[in-house]
Structures are given as structure tokens and as C-alpha cells.
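J.: Sharing a structure with you now.
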Amino acid sequence: MGLFDFFTQEIAIDLGTANTLIIHNNKVVVDSPSIVAIHRRTNKVIAVGEQAKHMQGKTHDDIKTIRPLKDGVIADFEASEFMLTEFIKKIPGIQGKLFSPSLRMVICIPSGITEVEKRAVKDSCARVNAKDVRLIYEPMAAAIGVGIDIQQPKGNMIIDIGGGTTEIAVVALGGIVCDKSVKIAGDVFTNDIAYYLRTHHNLYIGERTAERVKIEVGAAVEELEHAPDDMPVQGRDLITGKPKEITVNYKEIARALDKSILRIEDGVMETLSQTPPELAADIYNTGIYMAGGGSMLRGLDQRISKKTGLPVFLADDPLRAVVRGTGIALKNIDKFTFLMK
């Protein structure tokens with residue numbers, strides 16, 4: 001064990017559009033929204049994570065809330081760097097140390113990422129004292145997190161629906177055979193709901209309210225066995241300008257999300273059509289695995305199962321499947337040859 005190892009802390013990061021999760025010593029130590037609140041005049045960061053999320057949609061002119069990641073990649077370099085630094089400071093094993101330790105990181109990235117975007121992720125990590133940075137593609141991390149043995153000569157299909165992108169991939173022998181990255185995921189669902197309520201009910205709602213509607217009554221199909229209760233939604237009446245309340249049910253939300261879900265289904269069908277026949281035979285036997293927060297939308301698994309004619313399995317803890325997989329990759333950093341330098 002060298003001196004470098006003695007002062008090094010190992011962390012696995014799922015840097016997501018909606019949430020950032022960090023694993024340290026096999027435990028999820030950070031699970032926060034990827035949001036930063038900044039003072040416009042001084043350009044100082046006021047809050048990150050949960051605190052900044054509470055400010056969303058409620059700020060005055062001097063404060064703006066930004067989400068540094070868009071479609072799973074870094075859109076605002078400075079803000080994302082600051083956010084990473086703050087999250088790393090929150091890690092119990094690193095907090096309050098006299099010297100900030102060197103970090104060895106495994107960080108997951110969308111499969112459709114460009115070389116320039118990869119470089120941006122690495123640069124951000126280097127500035128928060130990361131000495132050894134490895135990258136792992138999101139579908140790979142999700143597959144490991146779901147419990148698939150990816151080293152086997154056997155095809156498995158994984159759909160990871162995050163905040164910014166839906167990653168669809170067929171993995172075998174520790175690599176991605178074919179994949180598709182669709183820029184439709186949780187954020188688009190949220191926008192669809194806000195748009196639907198504006199056009200059908202003349203109700204103007206904010207992003208946070210739309211997200212709450214998605215979580216409480218969101219659905220992908222209009223016939224559910226266990227239907228959620230109708231939900232009262234408050235916002236501003238677009239005609240009178242007065243605050244008002246309406247009640248929405250899951251069937252309406254299913255209609256609002258229909259077009260976006262169709263695009264995801266098309267992506268799945270396209271990936272299946274590119275799959276080599278031997279692997280297609282494996283997938284027929286193993287089915288499709290789903291992970292990511294967006295996969296928790298009620299009835300989405302049934303809908304994809306109906307479209308593909310294959311069984312669809314939802315990960316145990318879909319929100320944490322990717323970071324779990326990234327954590328396992330970190331532990332076996334030398335065994336997994338597909339981790340990119």
C-alpha cells in the first residue's frame with residue numbers, strides 16, 4: 001500500500017440531471033437534487049441541493065436557481081464544479097479533515113456523450129482534487145446495479161430512465177453491443193404535465209408542482225389495477241390571473257405523457273431491431289430490466305412489456321441502481337476493463 005493509497009478516498013458518483021448520488025465506503029452518503037442557487041450580483045453560490053430546490057420558482061430578481069446539468073451532461077461548468085465540491089464536503093469520511101484527501105473516482109456518464117463532454121466531466125473532477133478518474137457508461141452501471149452479471153457471454157437489455165436522458169442498451173461480455181440515448185426522460189414528463197394543465201385547464205403551474213403531480217398521480221397507461229387518488233393542484237388561472245385549484249386524475253396524466261412515452265417505446269424497438277440474433281434470443285429468455293427514477297412511472301413496465309412482447313423487470317431501488325452499479329465498479333476497478341480512463 002503506497003502513500004498515495006493511504007491518503008486517497010474512493011468515491012462513486014452518479015452525476016444526474018435531476019439528482020446527484022455519491023457512494024463512499026459502500027454507503028450512499030449524498031443523495032441530493034442537482035440544483036444550485038446563485039446570487040446574480042455577486043455571483044456567489046447561496047445554496048446547493050435540497051436547500052436550493054426549496055427556492056426553485058420562489059426567488060426574487062437577485063437570486064437564480066440553475067441546474068448545472070442538462071440531458072445528463074454538464075451545461076454550466078462553474079456551477080457543476082461548485083456543486084460537486086459542496087457535495088464532496090458533505091461526505092462523512094472526508095468532512096473536517098486537515099488536508100483534503102486525493103480522490104479516486106468512478107463517475108457515470110450517458111452513452112451518447114461526446115468527447116468534449118467527457119473532457120468537461122474529467123476537468124470538473126480534476127478541480128475537486130480527483131487524481132484518478134474513471135468513467136462508466138450509465139447503462140453499464142445500471143446493469144451492474146440491477147444485478148446482471150455483465151461479463152457473461154449472454155445478452156441483457158437495460159432501460160435506464162433518468163431526469164435528462166433515457167439510456168437503452170444491450171450489454172454482453174462486459175461491453176455495450178448496441179445502444180440508444182433518447183433525450184426524453186423525467187424532465188420532459190414534468191414539462192408535459194405543466195403544458196397539459198396550461199392548455200386543458202388554463203392553469204399555470206411551476207416545475208416543482210408539476211413534478212409533484214408526476215410523482216403522486218403520474219401514469220403511463222389509462223387502466224391501472226391500483227389507481228392513485230385524484231389530486232388537487234393549485235396554480236394561477238391564465239384567464240383571470242387569480243390563484244385557483246383543480247383536481248386531476250391519473251388518466252389525464254397518462255394522456256399528457258402519451259407522446260413522450262411513445263418516443264421511448266420507439267427507442268426500445270429500434271435498439272431491439274439492431275440486436276444481433278444470438279443476443280436477441282437471450283433477451284427473449286431474460287426479458288428487459290428497467291432502472292432510474294423515470295421507470296417508477298405507474299404502468300410504464302406493463303406498457304413496454306405489451307409493446308415488445310417481453311417480460312419487463314423493475315430494479316429493486318430504481319433511483320439508486322445506477323449509483324449502486326458505479327459503486328460495485330469502483331470496488332472492482334481493476335477487474336472491469338471497460339472503465340474508461
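Chain labels follow the order of the C-alpha cells: the first chain is A, the next B, and so on; residue numbering restarts at 1 in every chain, and ligands are counted from 1 in their shown order.
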Show me, as a PyMOL selection string, the residues that have an atom within 12 Å of Thr326 of chain A when counting only C-alpha atoms, minus same-chain residues fewer than 5 positions from it.

T.: chain A and resi 10-15+21-24+26-28+105-109+134-146+320-321+331-333+336+339

J.: Interatomic distance between atom CA of Leu262 of chain A and atom CA of Val221 of chain A?

T.: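 Atom CA of Val221 of chain A lies 11.5 Å from atom CA of Leu262 of chain A.
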
J.: Can you pull out the residues contacting Ser273 of chain A? Cut-off 12 Å, using only C-alpha atoms, and skip same-chain residues under 3 positions away; I want them as a list in words.

T.: Ala169, Val170, Cys178, Asp179, Lys180, Asp266, Gly267, Val268, Met269, Glu270, Pro276, Pro277, Leu279, Ala280 and Thr308 of chain A

J.: Only N, CA and C atoms, please: the residues just picked out, written as an mmCIF file, in the first residue's frame.

T.:
data_model
loop_
_atom_site.group_PDB
_atom_site.id
_atom_site.type_symbol
_atom_site.label_atom_id
_atom_site.label_comp_id
_atom_site.auth_asym_id
_atom_site.auth_seq_id
_atom_site.Cartn_x
_atom_site.Cartn_y
_atom_site.Cartn_z
ATOM 1 N N ALA A 169 -29.884 0.007 -23.742
ATOM 2 C CA ALA A 169 -28.690 -0.683 -24.228
ATOM 3 C C ALA A 169 -28.816 -2.196 -24.088
ATOM 4 N N VAL A 170 -28.105 -2.883 -24.981
ATOM 5 C CA VAL A 170 -27.959 -4.331 -24.862
ATOM 6 C C VAL A 170 -26.505 -4.569 -24.475
ATOM 7 N N CYS A 178 -25.267 -2.697 -28.489
ATOM 8 C CA CYS A 178 -25.947 -1.622 -29.221
ATOM 9 C C CYS A 178 -26.710 -0.781 -28.210
ATOM 10 N N ASP A 179 -26.793 0.483 -28.486
ATOM 11 C CA ASP A 179 -27.454 1.359 -27.521
ATOM 12 C C ASP A 179 -28.101 2.547 -28.206
ATOM 13 N N LYS A 180 -28.997 3.164 -27.467
ATOM 14 C CA LYS A 180 -29.650 4.370 -27.968
ATOM 15 C C LYS A 180 -29.868 5.287 -26.776
ATOM 16 N N ASP A 266 -40.335 3.718 -29.106
ATOM 17 C CA ASP A 266 -39.663 3.647 -30.416
ATOM 18 C C ASP A 266 -38.168 3.372 -30.252
ATOM 19 N N GLY A 267 -37.558 4.031 -29.249
ATOM 20 C CA GLY A 267 -36.135 3.823 -28.974
ATOM 21 C C GLY A 267 -35.842 2.380 -28.589
ATOM 22 N N VAL A 268 -36.746 1.807 -27.784
ATOM 23 C CA VAL A 268 -36.583 0.408 -27.361
ATOM 24 C C VAL A 268 -36.690 -0.517 -28.569
ATOM 25 N N MET A 269 -37.690 -0.266 -29.412
ATOM 26 C CA MET A 269 -37.893 -1.121 -30.601
ATOM 27 C C MET A 269 -36.707 -1.009 -31.571
ATOM 28 N N GLU A 270 -36.187 0.211 -31.692
ATOM 29 C CA GLU A 270 -35.051 0.432 -32.594
ATOM 30 C C GLU A 270 -33.820 -0.333 -32.099
ATOM 31 N N PRO A 276 -27.929 -8.227 -32.456
ATOM 32 C CA PRO A 276 -27.567 -9.456 -33.188
ATOM 33 C C PRO A 276 -28.483 -10.616 -32.781
ATOM 34 N N PRO A 277 -28.796 -11.519 -33.713
ATOM 35 C CA PRO A 277 -29.796 -12.566 -33.442
ATOM 36 C C PRO A 277 -29.509 -13.447 -32.231
ATOM 37 N N LEU A 279 -28.015 -12.624 -29.484
ATOM 38 C CA LEU A 279 -28.323 -11.860 -28.266
ATOM 39 C C LEU A 279 -29.825 -11.633 -28.150
ATOM 40 N N ALA A 280 -30.493 -11.483 -29.310
ATOM 41 C CA ALA A 280 -31.957 -11.316 -29.286
ATOM 42 C C ALA A 280 -32.599 -12.562 -28.664
ATOM 43 N N THR A 308 -43.251 -4.720 -26.561
ATOM 44 C CA THR A 308 -42.154 -5.594 -27.010
ATOM 45 C C THR A 308 -42.537 -7.074 -26.978
#

J.: Could you go through segment 78-282 of chain A and tell me which residues DSSP, when run on the backbone, assigns to strand (DSSP E or B), listing them as number ranges by chain?

T.: A: 102-109, 130-137, 156-161, 166-172, 175-182, 203-204, 219, 231-237, 243-248

J.: Can you spit out the residues from that selection as a CSV table (one decimal), in the first residue's frame, using C-alpha atoms?

T.:
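To be explicit, this is the file written out as again-v6.csv:
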chain,number,residue,atom,x,y,z
A,102,SER,CA,-6.9,12.9,-3.1
A,103,LEU,CA,-9.9,11.2,-4.6
A,104,ARG,CA,-10.2,8.2,-6.8
A,105,MET,CA,-13.5,8.4,-8.6
A,106,VAL,CA,-15.7,6.4,-10.8
A,107,ILE,CA,-18.3,8.6,-12.4
A,108,CYS,CA,-21.1,7.6,-14.7
A,109,ILE,CA,-21.9,9.3,-18.0
A,130,ALA,CA,-9.5,13.8,-8.1
A,131,LYS,CA,-6.3,12.1,-9.0
A,132,ASP,CA,-7.7,9.0,-10.7
A,133,VAL,CA,-10.9,9.4,-12.6
A,134,ARG,CA,-12.6,6.5,-14.5
A,135,LEU,CA,-15.8,6.8,-16.5
A,136,ILE,CA,-18.5,4.2,-16.8
A,137,TYR,CA,-21.4,4.4,-19.2
A,156,ASN,CA,-29.2,-8.4,-21.4
A,157,MET,CA,-31.3,-5.4,-22.2
A,158,ILE,CA,-31.4,-2.5,-19.8
A,159,ILE,CA,-33.5,0.7,-19.9
A,160,ASP,CA,-32.4,3.5,-17.6
A,161,ILE,CA,-34.8,6.4,-17.5
A,166,THR,CA,-33.3,7.5,-21.3
A,167,GLU,CA,-30.5,5.1,-22.0
A,168,ILE,CA,-31.4,1.9,-23.7
A,169,ALA,CA,-28.7,-0.7,-24.2
A,170,VAL,CA,-28.0,-4.3,-24.9
A,171,VAL,CA,-24.9,-5.5,-22.9
A,172,ALA,CA,-22.9,-8.7,-23.2
A,175,GLY,CA,-19.5,-4.2,-23.2
A,176,ILE,CA,-22.3,-2.4,-24.8
A,177,VAL,CA,-23.4,-4.1,-28.0
A,178,CYS,CA,-25.9,-1.6,-29.2
A,179,ASP,CA,-27.5,1.4,-27.5
A,180,LYS,CA,-29.6,4.4,-28.0
A,181,SER,CA,-29.8,7.5,-25.9
A,182,VAL,CA,-33.1,9.3,-26.1
A,203,LEU,CA,-53.9,26.5,-15.0
A,204,TYR,CA,-50.3,27.8,-14.9
A,219,ALA,CA,-49.2,7.0,-15.1
A,231,MET,CA,-55.0,15.1,-6.6
A,232,PRO,CA,-55.9,18.7,-6.0
A,233,VAL,CA,-53.4,21.1,-7.9
A,234,GLN,CA,-53.1,24.8,-7.2
A,235,GLY,CA,-51.7,27.3,-9.6
A,236,ARG,CA,-52.6,30.6,-11.4
A,237,ASP,CA,-55.6,30.9,-13.6
A,243,PRO,CA,-54.9,31.6,-7.9
A,244,LYS,CA,-57.2,28.5,-8.4
A,245,GLU,CA,-57.3,24.8,-7.7
A,246,ILE,CA,-58.4,21.9,-9.9
A,247,THR,CA,-58.4,18.2,-9.4
A,248,VAL,CA,-56.5,15.9,-11.7

J.: Find the residue from A:Tyr284, A:Val188, A:Arg67, A:Val48 that sits nearest to Lys90 of chain A; use only C-alpha atoms when measuring.

T.: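 Closest residue, counting only C-alpha atoms: A:Val48.
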
J.: Quick check, in Å to one decimal: how far apart do atom CA of Thr17 of chain A and atom CA of Gly162 of chain A lie?

T.: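 Result for atom CA of Thr17 of chain A versus atom CA of Gly162 of chain A: 7.6 Å, one decimal.
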